[in-house]
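Chemist: Just one file: start_32.pdb, with PDB, C-alpha atoms.
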```pdb
ATOM      1  CA  MET A 497      73.740  76.735 103.189
ATOM      2  CA  ALA A 498      77.415  76.099 103.912
ATOM      3  CA  LEU A 499      78.707  77.272 100.557
ATOM      4  CA  LYS A 500      79.755  80.750 101.654
ATOM      5  CA  LEU A 501      80.774  81.718  98.140
ATOM      6  CA  VAL A 502      81.216  80.124  94.746
ATOM      7  CA  ARG A 503      83.794  82.115  92.771
ATOM      8  CA  VAL A 504      85.212  81.987  89.267
ATOM      9  CA  ASP A 505      88.836  83.144  89.329
ATOM     10  CA  ASP A 506      91.498  81.895  86.921
ATOM     11  CA  ARG A 507      94.182  82.583  89.526
ATOM     12  CA  LEU A 508      92.434  80.293  92.035
ATOM     13  CA  ILE A 509      94.135  80.964  95.392
ATOM     14  CA  HIS A 510      96.062  84.263  95.425
ATOM     15  CA  GLY A 511      96.432  87.545  97.318
ATOM     16  CA  GLN A 512      92.861  88.865  96.918
ATOM     17  CA  VAL A 513      91.384  85.529  97.872
ATOM     18  CA  VAL A 514      93.587  85.000 100.916
ATOM     19  CA  ALA A 515      93.880  88.557 102.243
ATOM     20  CA  ILE A 516      90.316  89.722 101.580
ATOM     21  CA  TRP A 517      87.775  87.049 100.728
ATOM     22  CA  LEU A 518      88.716  84.334 103.192
ATOM     23  CA  LYS A 519      88.597  86.815 106.057
ATOM     24  CA  ALA A 520      85.379  88.477 104.885
ATOM     25  CA  LEU A 521      83.615  85.147 104.450
ATOM     26  CA  ASN A 522      85.128  83.498 107.517
ATOM     27  CA  ALA A 523      85.352  80.339 105.409
ATOM     28  CA  LYS A 524      87.063  77.367 107.041
ATOM     29  CA  ARG A 525      87.731  75.284 103.962
ATOM     30  CA  ILE A 526      88.627  75.907 100.332
ATOM     31  CA  VAL A 527      87.482  73.553  97.620
ATOM     32  CA  ILE A 528      88.959  73.987  94.142
ATOM     33  CA  VAL A 529      87.143  72.295  91.286
ATOM     34  CA  ASP A 530      89.493  72.188  88.315
ATOM     35  CA  ASP A 531      90.537  69.257  86.165
ATOM     36  CA  ARG A 532      93.918  70.607  85.136
ATOM     37  CA  THR A 533      95.082  71.430  88.660
ATOM     38  CA  ALA A 534      93.604  68.282  90.179
ATOM     39  CA  ARG A 535      95.417  66.049  87.710
ATOM     40  CA  ASP A 536      98.840  67.678  88.108
ATOM     41  CA  GLU A 537     100.435  66.833  91.446
ATOM     42  CA  PHE A 538     102.946  69.677  91.251
ATOM     43  CA  LEU A 539     100.372  72.372  90.408
ATOM     44  CA  ARG A 540      98.139  70.976  93.133
ATOM     45  CA  GLU A 541     100.970  71.450  95.612
ATOM     46  CA  VAL A 542     101.717  75.002  94.372
ATOM     47  CA  ILE A 543      98.123  76.134  94.785
ATOM     48  CA  THR A 544      97.686  74.393  98.133
ATOM     49  CA  LEU A 545     100.794  76.166  99.452
ATOM     50  CA  ALA A 546      99.186  79.504  98.535
ATOM     51  CA  ALA A 547      96.488  79.075 101.186
ATOM     52  CA  PRO A 548      97.068  80.243 104.753
ATOM     53  CA  ALA A 549      98.017  77.638 107.333
ATOM     54  CA  GLY A 550      95.016  76.143 109.072
ATOM     55  CA  VAL A 551      92.625  76.391 106.131
ATOM     56  CA  PRO A 552      92.380  72.989 104.481
ATOM     57  CA  VAL A 553      92.391  72.997 100.691
ATOM     58  CA  GLU A 554      90.887  70.279  98.536
ATOM     59  CA  VAL A 555      91.679  70.195  94.828
ATOM     60  CA  LEU A 556      89.299  67.982  92.908
ATOM     61  CA  ASP A 557      88.466  67.267  89.305
ATOM     62  CA  VAL A 558      85.021  68.265  88.041
ATOM     63  CA  GLU A 559      83.536  64.813  88.473
ATOM     64  CA  SER A 560      84.534  64.159  92.090
ATOM     65  CA  GLY A 561      84.387  67.877  92.927
ATOM     66  CA  THR A 562      80.703  68.041  92.009
ATOM     67  CA  GLU A 563      79.850  65.329  94.515
ATOM     68  CA  ARG A 564      82.129  66.807  97.170
ATOM     69  CA  VAL A 565      80.582  70.287  96.815
ATOM     70  CA  ARG A 566      77.103  68.770  96.885
ATOM     71  CA  SER A 567      77.826  67.080 100.219
ATOM     72  CA  LEU A 568      79.634  70.115 101.708
ATOM     73  CA  ALA A 569      76.673  72.322 100.732
ATOM     74  CA  ALA A 570      74.513  70.247 103.046
ATOM     75  CA  GLY A 571      76.992  70.375 105.945
ATOM     76  CA  PRO A 572      77.604  73.014 108.615
ATOM     77  CA  GLU A 573      81.170  74.027 107.738
ATOM     78  CA  PRO A 574      81.552  77.350 105.855
ATOM     79  CA  VAL A 575      83.181  76.514 102.513
ATOM     80  CA  PHE A 576      84.680  78.687  99.791
ATOM     81  CA  VAL A 577      84.448  77.099  96.330
ATOM     82  CA  LEU A 578      86.850  78.223  93.598
ATOM     83  CA  MET A 579      87.025  77.369  89.917
ATOM     84  CA  ARG A 580      88.870  78.716  86.888
ATOM     85  CA  SER A 581      85.979  78.549  84.475
ATOM     86  CA  PRO A 582      82.285  79.516  84.348
ATOM     87  CA  LEU A 583      81.703  76.216  82.558
ATOM     88  CA  VAL A 584      82.493  74.381  85.785
ATOM     89  CA  ALA A 585      79.966  76.526  87.660
ATOM     90  CA  LEU A 586      77.364  75.637  85.043
ATOM     91  CA  HIS A 587      78.268  71.962  85.319
ATOM     92  CA  LEU A 588      77.736  72.059  89.094
ATOM     93  CA  ARG A 589      74.386  73.814  88.693
ATOM     94  CA  GLU A 590      73.215  71.416  85.996
ATOM     95  CA  ALA A 591      74.207  68.516  88.250
ATOM     96  CA  GLY A 592      71.733  69.879  90.798
ATOM     97  CA  VAL A 593      74.116  71.678  93.165
ATOM     98  CA  GLU A 594      72.290  74.857  94.134
ATOM     99  CA  PHE A 595      73.874  78.212  94.864
ATOM    100  CA  PRO A 596      72.003  81.521  94.649
ATOM    101  CA  LEU A 597      75.053  83.584  93.673
ATOM    102  CA  LEU A 598      78.071  83.106  91.442
ATOM    103  CA  ASN A 599      80.882  85.571  92.069
ATOM    104  CA  VAL A 600      83.180  86.308  89.139
ATOM    105  CA  GLY A 601      86.445  87.841  90.253
ATOM    106  CA  GLY A 602      89.135  86.953  87.778
ATOM    107  CA  LEU A 603      89.044  86.044  84.123
ATOM    108  CA  GLY A 604      92.126  87.374  82.379
ATOM    109  CA  ALA A 605      92.423  88.308  78.738
ATOM    110  CA  GLY A 606      92.764  85.429  76.289
ATOM    111  CA  PRO A 607      92.628  84.801  72.553
ATOM    112  CA  THR A 608      88.869  84.136  72.479
ATOM    113  CA  ARG A 609      87.920  86.444  75.352
ATOM    114  CA  LYS A 610      86.564  89.968  75.065
ATOM    115  CA  PRO A 611      86.470  92.487  77.921
ATOM    116  CA  LEU A 612      83.307  92.252  80.000
ATOM    117  CA  TYR A 613      83.890  94.584  82.916
ATOM    118  CA  ARG A 614      87.081  96.174  84.245
ATOM    119  CA  ASN A 615      89.728  93.441  84.073
ATOM    120  CA  ILE A 616      87.260  90.613  83.597
ATOM    121  CA  SER A 617      86.997  89.126  80.116
ATOM    122  CA  ALA A 618      84.885  86.278  78.782
ATOM    123  CA  SER A 619      84.628  84.163  75.641
ATOM    124  CA  PRO A 620      81.264  83.702  73.882
ATOM    125  CA  GLU A 621      81.019  80.225  75.439
ATOM    126  CA  GLU A 622      81.670  81.636  78.908
ATOM    127  CA  ARG A 623      79.040  84.365  78.416
ATOM    128  CA  ASP A 624      76.572  81.652  77.418
ATOM    129  CA  ALA A 625      77.362  79.771  80.620
ATOM    130  CA  PHE A 626      76.640  82.914  82.665
ATOM    131  CA  ARG A 627      73.335  83.401  80.825
ATOM    132  CA  LYS A 628      72.301  79.805  81.463
ATOM    133  CA  LEU A 629      73.197  80.110  85.145
ATOM    134  CA  GLU A 630      71.045  83.226  85.392
ATOM    135  CA  SER A 631      68.150  81.446  83.690
ATOM    136  CA  MET A 632      68.467  78.681  86.291
ATOM    137  CA  GLY A 633      68.154  81.178  89.139
ATOM    138  CA  THR A 634      71.788  81.807  90.022
ATOM    139  CA  THR A 635      72.641  85.517  90.049
ATOM    140  CA  VAL A 636      75.995  86.208  88.401
ATOM    141  CA  GLU A 637      77.856  89.140  89.927
ATOM    142  CA  LEU A 638      81.162  90.667  88.889
ATOM    143  CA  ARG A 639      83.089  91.649  91.976
ATOM    144  CA  ILE A 640      86.838  91.429  92.340
ATOM    145  CA  VAL A 641      87.235  92.047  96.056
ATOM    146  CA  GLU A 642      84.673  92.001  98.831
ATOM    147  CA  ASN A 643      84.322  95.753  99.310
ATOM    148  CA  ASP A 644      83.858  96.437  95.573
ATOM    149  CA  ARG A 645      80.335  97.264  94.494
ATOM    150  CA  PRO A 646      78.912  94.123  92.877
ATOM    151  CA  VAL A 647      77.995  94.599  89.225
ATOM    152  CA  ALA A 648      75.298  92.387  87.747
ATOM    153  CA  PHE A 649      76.422  90.324  84.746
ATOM    154  CA  ARG A 650      73.060  91.224  83.156
ATOM    155  CA  SER A 651      73.959  94.904  83.180
ATOM    156  CA  VAL A 652      77.197  94.427  81.213
ATOM    157  CA  ASP A 653      76.089  91.601  78.891
ATOM    158  CA  LYS A 654      75.530  93.447  75.645
TER     159      LYS A 654
ATOM    160  CA  MET B 292     131.257  88.229  89.929
ATOM    161  CA  ARG B 293     127.996  86.386  90.390
ATOM    162  CA  ASP B 294     127.294  83.405  88.190
ATOM    163  CA  PHE B 295     123.521  83.728  88.157
ATOM    164  CA  ARG B 296     120.863  86.114  86.918
ATOM    165  CA  ILE B 297     118.108  87.655  89.023
ATOM    166  CA  LEU B 298     114.418  87.941  88.176
ATOM    167  CA  VAL B 299     112.040  89.997  90.326
ATOM    168  CA  ALA B 300     108.375  89.040  89.889
ATOM    169  CA  ALA B 301     105.707  91.085  91.656
ATOM    170  CA  HIS B 302     102.282  92.692  91.472
ATOM    171  CA  GLY B 303     101.743  95.753  89.279
ATOM    172  CA  ASP B 304     104.632  98.199  89.040
ATOM    173  CA  LEU B 305     106.421  96.868  92.084
ATOM    174  CA  ALA B 306     108.906  94.605  90.275
ATOM    175  CA  GLY B 307     110.055  97.396  87.949
ATOM    176  CA  ALA B 308     110.233  99.796  90.882
ATOM    177  CA  PHE B 309     112.412  97.369  92.856
ATOM    178  CA  LEU B 310     114.791  97.126  89.924
ATOM    179  CA  ALA B 311     114.847 100.879  89.256
ATOM    180  CA  THR B 312     115.422 101.617  92.929
ATOM    181  CA  ALA B 313     118.156  98.998  93.278
ATOM    182  CA  GLU B 314     119.856 100.574  90.240
ATOM    183  CA  LEU B 315     119.587 103.973  91.905
ATOM    184  CA  ILE B 316     121.590 102.569  94.801
ATOM    185  CA  CYS B 317     123.891 100.066  93.094
ATOM    186  CA  GLY B 318     124.241 101.377  89.539
ATOM    187  CA  ARG B 319     123.175  99.672  86.355
ATOM    188  CA  LEU B 320     122.144  96.019  86.758
ATOM    189  CA  ASP B 321     122.146  94.319  83.381
ATOM    190  CA  ASP B 322     121.598  90.829  84.745
ATOM    191  CA  VAL B 323     118.507  91.709  86.775
ATOM    192  CA  GLN B 324     115.090  91.525  85.117
ATOM    193  CA  ALA B 325     111.693  92.578  86.401
ATOM    194  CA  VAL B 326     108.285  91.273  85.424
ATOM    195  CA  GLY B 327     105.030  92.705  86.792
ATOM    196  CA  LEU B 328     101.567  91.165  86.957
ATOM    197  CA  LEU B 329      99.139  93.506  85.198
ATOM    198  CA  PRO B 330      95.491  93.818  86.239
ATOM    199  CA  THR B 331      94.466  92.395  82.856
ATOM    200  CA  ASP B 332      96.809  89.393  83.066
ATOM    201  CA  SER B 333      95.686  85.812  83.301
ATOM    202  CA  PRO B 334      98.135  83.441  84.995
ATOM    203  CA  GLU B 335      98.947  82.153  81.486
ATOM    204  CA  SER B 336      99.747  85.560  79.983
ATOM    205  CA  PHE B 337     101.900  86.434  83.007
ATOM    206  CA  SER B 338     103.629  83.068  82.820
ATOM    207  CA  GLU B 339     104.581  83.720  79.186
ATOM    208  CA  ARG B 340     106.295  87.010  80.059
ATOM    209  CA  PHE B 341     107.866  85.421  83.097
ATOM    210  CA  MET B 342     109.469  82.660  81.014
ATOM    211  CA  VAL B 343     110.791  85.179  78.454
ATOM    212  CA  ALA B 344     112.331  87.221  81.288
ATOM    213  CA  ALA B 345     113.768  84.057  82.858
ATOM    214  CA  GLY B 346     115.765  83.493  79.655
ATOM    215  CA  ASP B 347     117.934  80.367  79.366
ATOM    216  CA  GLN B 348     115.955  77.635  81.090
ATOM    217  CA  ASN B 349     119.108  75.824  82.145
ATOM    218  CA  GLY B 350     120.787  78.914  83.539
ATOM    219  CA  LYS B 351     121.256  79.697  87.201
ATOM    220  CA  LEU B 352     118.525  82.077  88.260
ATOM    221  CA  LEU B 353     117.490  83.719  91.505
ATOM    222  CA  ILE B 354     113.757  84.493  91.481
ATOM    223  CA  LEU B 355     112.492  87.014  94.014
ATOM    224  CA  THR B 356     108.713  87.362  94.432
ATOM    225  CA  ASP B 357     106.792  89.894  96.495
ATOM    226  CA  LEU B 358     104.251  87.742  98.306
ATOM    227  CA  ALA B 359     104.032  84.008  98.956
ATOM    228  CA  GLY B 360     100.630  82.833  97.772
ATOM    229  CA  GLY B 361     100.178  85.755  95.375
ATOM    230  CA  THR B 362      99.813  85.111  91.649
ATOM    231  CA  PRO B 363     103.355  86.242  90.670
ATOM    232  CA  HIS B 364     104.702  83.823  93.267
ATOM    233  CA  ASN B 365     102.350  80.984  92.338
ATOM    234  CA  VAL B 366     103.260  81.334  88.660
ATOM    235  CA  ALA B 367     106.990  81.511  89.488
ATOM    236  CA  LEU B 368     106.761  78.448  91.706
ATOM    237  CA  ALA B 369     104.945  76.504  88.998
ATOM    238  CA  ALA B 370     107.611  77.624  86.478
ATOM    239  CA  THR B 371     110.486  76.258  88.571
ATOM    240  CA  ARG B 372     109.548  72.861  87.180
ATOM    241  CA  ARG B 373     110.985  74.103  83.879
ATOM    242  CA  LEU B 374     113.899  75.961  85.507
ATOM    243  CA  PRO B 375     115.992  73.259  87.171
ATOM    244  CA  LYS B 376     118.704  75.657  88.408
ATOM    245  CA  ALA B 377     116.399  78.315  89.792
ATOM    246  CA  VAL B 378     116.083  79.313  93.441
ATOM    247  CA  LEU B 379     112.880  81.055  94.520
ATOM    248  CA  ILE B 380     112.584  83.355  97.523
ATOM    249  CA  SER B 381     109.342  85.152  98.382
ATOM    250  CA  GLY B 382     108.865  88.337 100.388
ATOM    251  CA  VAL B 383     111.514  90.359  98.554
ATOM    252  CA  ASN B 384     112.462  93.671 100.086
ATOM    253  CA  LEU B 385     115.057  96.193  98.987
ATOM    254  CA  ALA B 386     117.582  94.841 101.488
ATOM    255  CA  VAL B 387     117.390  91.349  99.948
ATOM    256  CA  LEU B 388     117.760  92.662  96.417
ATOM    257  CA  ILE B 389     120.749  94.822  97.353
ATOM    258  CA  GLU B 390     122.341  91.920  99.239
ATOM    259  CA  ALA B 391     121.800  89.692  96.203
ATOM    260  CA  VAL B 392     123.451  92.093  93.765
ATOM    261  CA  THR B 393     126.302  93.215  96.032
ATOM    262  CA  SER B 394     127.259  90.280  98.255
ATOM    263  CA  ILE B 395     126.308  86.942  96.728
ATOM    264  CA  ASP B 396     128.428  85.206  94.081
ATOM    265  CA  ALA B 397     126.793  81.795  93.863
ATOM    266  CA  LEU B 398     123.405  80.239  94.501
ATOM    267  CA  ASP B 399     124.593  77.649  97.024
ATOM    268  CA  GLY B 400     122.643  76.793 100.166
ATOM    269  CA  GLU B 401     124.727  79.002 102.407
ATOM    270  CA  SER B 402     124.304  82.072 100.191
ATOM    271  CA  VAL B 403     120.571  81.544  99.911
ATOM    272  CA  GLU B 404     120.334  81.272 103.690
ATOM    273  CA  ARG B 405     122.310  84.480 104.023
ATOM    274  CA  LEU B 406     119.949  86.242 101.606
ATOM    275  CA  VAL B 407     116.873  85.200 103.537
ATOM    276  CA  ALA B 408     118.532  86.282 106.790
ATOM    277  CA  SER B 409     119.357  89.707 105.312
ATOM    278  CA  GLY B 410     115.690  90.240 104.447
ATOM    279  CA  ARG B 411     114.521  89.237 107.921
ATOM    280  CA  LYS B 412     117.148  91.414 109.567
ATOM    281  CA  ALA B 413     115.935  94.398 107.552
ATOM    282  CA  LEU B 414     112.460  94.181 109.056
ATOM    283  CA  VAL B 415     112.657  95.926 112.426
ATOM    284  CA  ASP B 416     110.516  97.899 114.805
ATOM    285  CA  ALA B 417     112.541 101.099 114.945
ATOM    286  CA  GLY B 418     110.877 102.113 118.205
ATOM    287  CA  GLN B 419     112.301  99.059 119.957
ATOM    288  CA  LEU B 420     115.770  99.669 118.527
ATOM    289  CA  PHE B 421     115.575 103.236 119.766
ATOM    290  CA  ALA B 422     114.303 102.205 123.203
ATOM    291  CA  ALA B 423     117.127  99.689 123.529
ATOM    292  CA  ARG B 424     119.631 102.524 123.154
ATOM    293  CA  GLN B 425     118.116 104.711 125.858
ATOM    294  CA  PRO B 426     119.865 104.554 129.231
TER     295      PRO B 426
END
```
Give the structure from this file in structure tokens form.
Modeler:
Amino acid sequence: MALKLVRVDDRLIHGQVVAIWLKALNAKRIVIVDDRTARDEFLREVITLAAPAGVPVEVLDVESGTERVRSLAAGPEPVFVLMRSPLVALHLREAGVEFPLLNVGGLGAGPTRKPLYRNISASPEERDAFRKLESMGTTVELRIVENDRPVAFRSVDK
Amino acid sequence: MRDFRILVAAHGDLAGAFLATAELICGRLDDVQAVGLLPTDSPESFSERFMVAAGDQNGKLLILTDLAGGTPHNVALAATRRLPKAVLISGVNLAVLIEAVTSIDALDGESVERLVASGRKALVDAGQLFAARQP
């Protein structure tokens, strides 16, 4: 299992990811699955520049990203997968890419989102995606940085 | 008199604290703005406040961010697409901000280089400086 962590974080690559998670996971590659970033050359460059030197970053749309993550999951290299939306995680899972854990570390407030836990908010559609992932055998945990205590989505989904 | 405005963008209370502290040293700074990333922010909500603080999109603007690769910086860098006369420097420290408000009049290449140099020069191992002075 070379997918060290699959994380939902609307900030994608940023301080917590670089300073804490990358080191804790010892991941050697970052794969971002996000249509908007993948299709905007400038945003792609901005987010790639946010990663530390020496860690390759791939930014892919959902379609090609699904296949790329599937093949990386079978390889030896430790990979960190990032996405902005739980819907992408569900898409990957429904396409047959298996991961036992989904980490949720950043979903900011938005017009359709309601607070879920600490600073993590989710829309009804996003909550549904988490529930479906859980029913498919992927545990959804809310954990912002590595040394936080993980909180089960189930325990805050009311 | 400088012909540009300054916007400090940083995590949490840091941006406001930079501005307040610079004002403590330099006096009131009406053309310096601060915008902080709140724990509840999404990149979009922060970006909205950032653009309001940036003001006139065609104005000359010096953006100072706290950490390259952090969300305030990433959002600021993405926003420069809409701010054609903006210059962005990451890794702001108090020395850079004071240099910017006291010694720089224009945002030309030479001034920007001088700003970056002032920030680097401010980062020193005091023990080594002290040792160098001992006979």
Chemist: Could you state the separation of CA of Ala359 (chain B) and CA of Phe309 (chain B) in Å, given to one decimal place?
Modeler: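 Distance reported for this atom pair: 16.9 Å.
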Chemist: Translate the ChimeraX specification (/A :<7) & /B into a concrete residue list for this structure, as number ranges by chain.
Modeler: B: 330-334, 359-362, 365, 368-369
Chemist: What is the distance, in Å and to one decimal place, between CA of Asp322 (chain B) and CA of Phe295 (chain B)?
Modeler: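 Here the two named atoms are 8.1 Å from each other.
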Chemist: So, with all atoms listed in the file as the atoms that count, which of B:Pro363, B:Leu298, B:Asp396, B:Ala408 lies closest to Ser336 (chain B)?
Modeler: B:Pro363
Chemist: From the list B:Ile297, B:Ile354, B:Ile389, B:Leu379, which residue is nearest Leu315 (chain B) when using only C-alpha atoms?
Modeler: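 Between B:Ile297, B:Ile354, B:Ile389, B:Leu379, the residue approaching Leu315 (chain B) most closely is B:Ile389.
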Chemist: Name all residues at most 10 Å from Glu390 (chain B) (count all atoms listed in the file; drop same-chain ones fewer than 2 positions away) and give them as a VMD selection string.
Modeler: chain B and resid 385 to 388 392 to 395 405 to 407 409 to 410
Chemist: Output as JSON the centre and edge lengths (Å, one decimal) of the box along x, y and z of the file that holds every listed atom of region 530-534 of chain A after adding 6 Å on each side.
Modeler:
```
{"center_x": 92.3, "center_y": 70.2, "center_z": 87.7, "size_x": 17.6, "size_y": 15.9, "size_z": 17.0}
```
Chemist: How many Å lie between CA of Leu310 (chain B) and CA of Ile516 (chain A), rounded to one decimal?
Modeler: 28.1 Å
Chemist: What residues come out when you apply the PyMOL selection byres ((chain A and resi 652) around 12) to this file, written as number ranges by chain?
Modeler: A: 611-614, 616-618, 623, 626-627, 636-638, 646-651, 653-654
Chemist: Pick the closest to Gly350 (chain B) from B:Gly303, B:Pro375, B:Gly327, B:Gly318: which is it, counting all atoms listed in the file?
Modeler: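 The shortest atom-to-atom distance to Gly350 (chain B) comes from B:Pro375.
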Chemist: Tell me, as a list of chain:residue names, which residues lie within 12 Å of Asp399 (chain B), counting only C-alpha atoms; anything in the same chain fewer than 2 positions away does not count.
Modeler: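 Near neighbours after the sequence-gap exclusion: B:Arg293, B:Asp294, B:Phe295, B:Lys351, B:Leu352, B:Leu353, B:Lys376, B:Ala377, B:Val378, B:Ile395, B:Asp396, B:Ala397, B:Glu401, B:Ser402, B:Val403, B:Glu404, B:Arg405, B:Leu406.
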Chemist: Name all residues at most 7 Å from Leu355 (chain B) (count all atoms listed in the file; drop same-chain ones fewer than 4 positions away) and give them as a list in words.
Modeler: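 Within the cut-off, the hits are Leu298, Val299, Ala300, Leu379, Ile380, Ser381 and Val383 of chain B.
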Chemist: Neighbouring residues of Glu339 (chain B) were defined as those with any atom within 10 Å, considering all atoms listed in the file; residues of the same chain fewer than 5 positions away were excluded. Please report them as a list of chain:residue names.
Modeler: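 Close residues of Glu339 (chain B): B:Pro334, B:Ala344, B:Ala345, B:Val366, B:Ala370.
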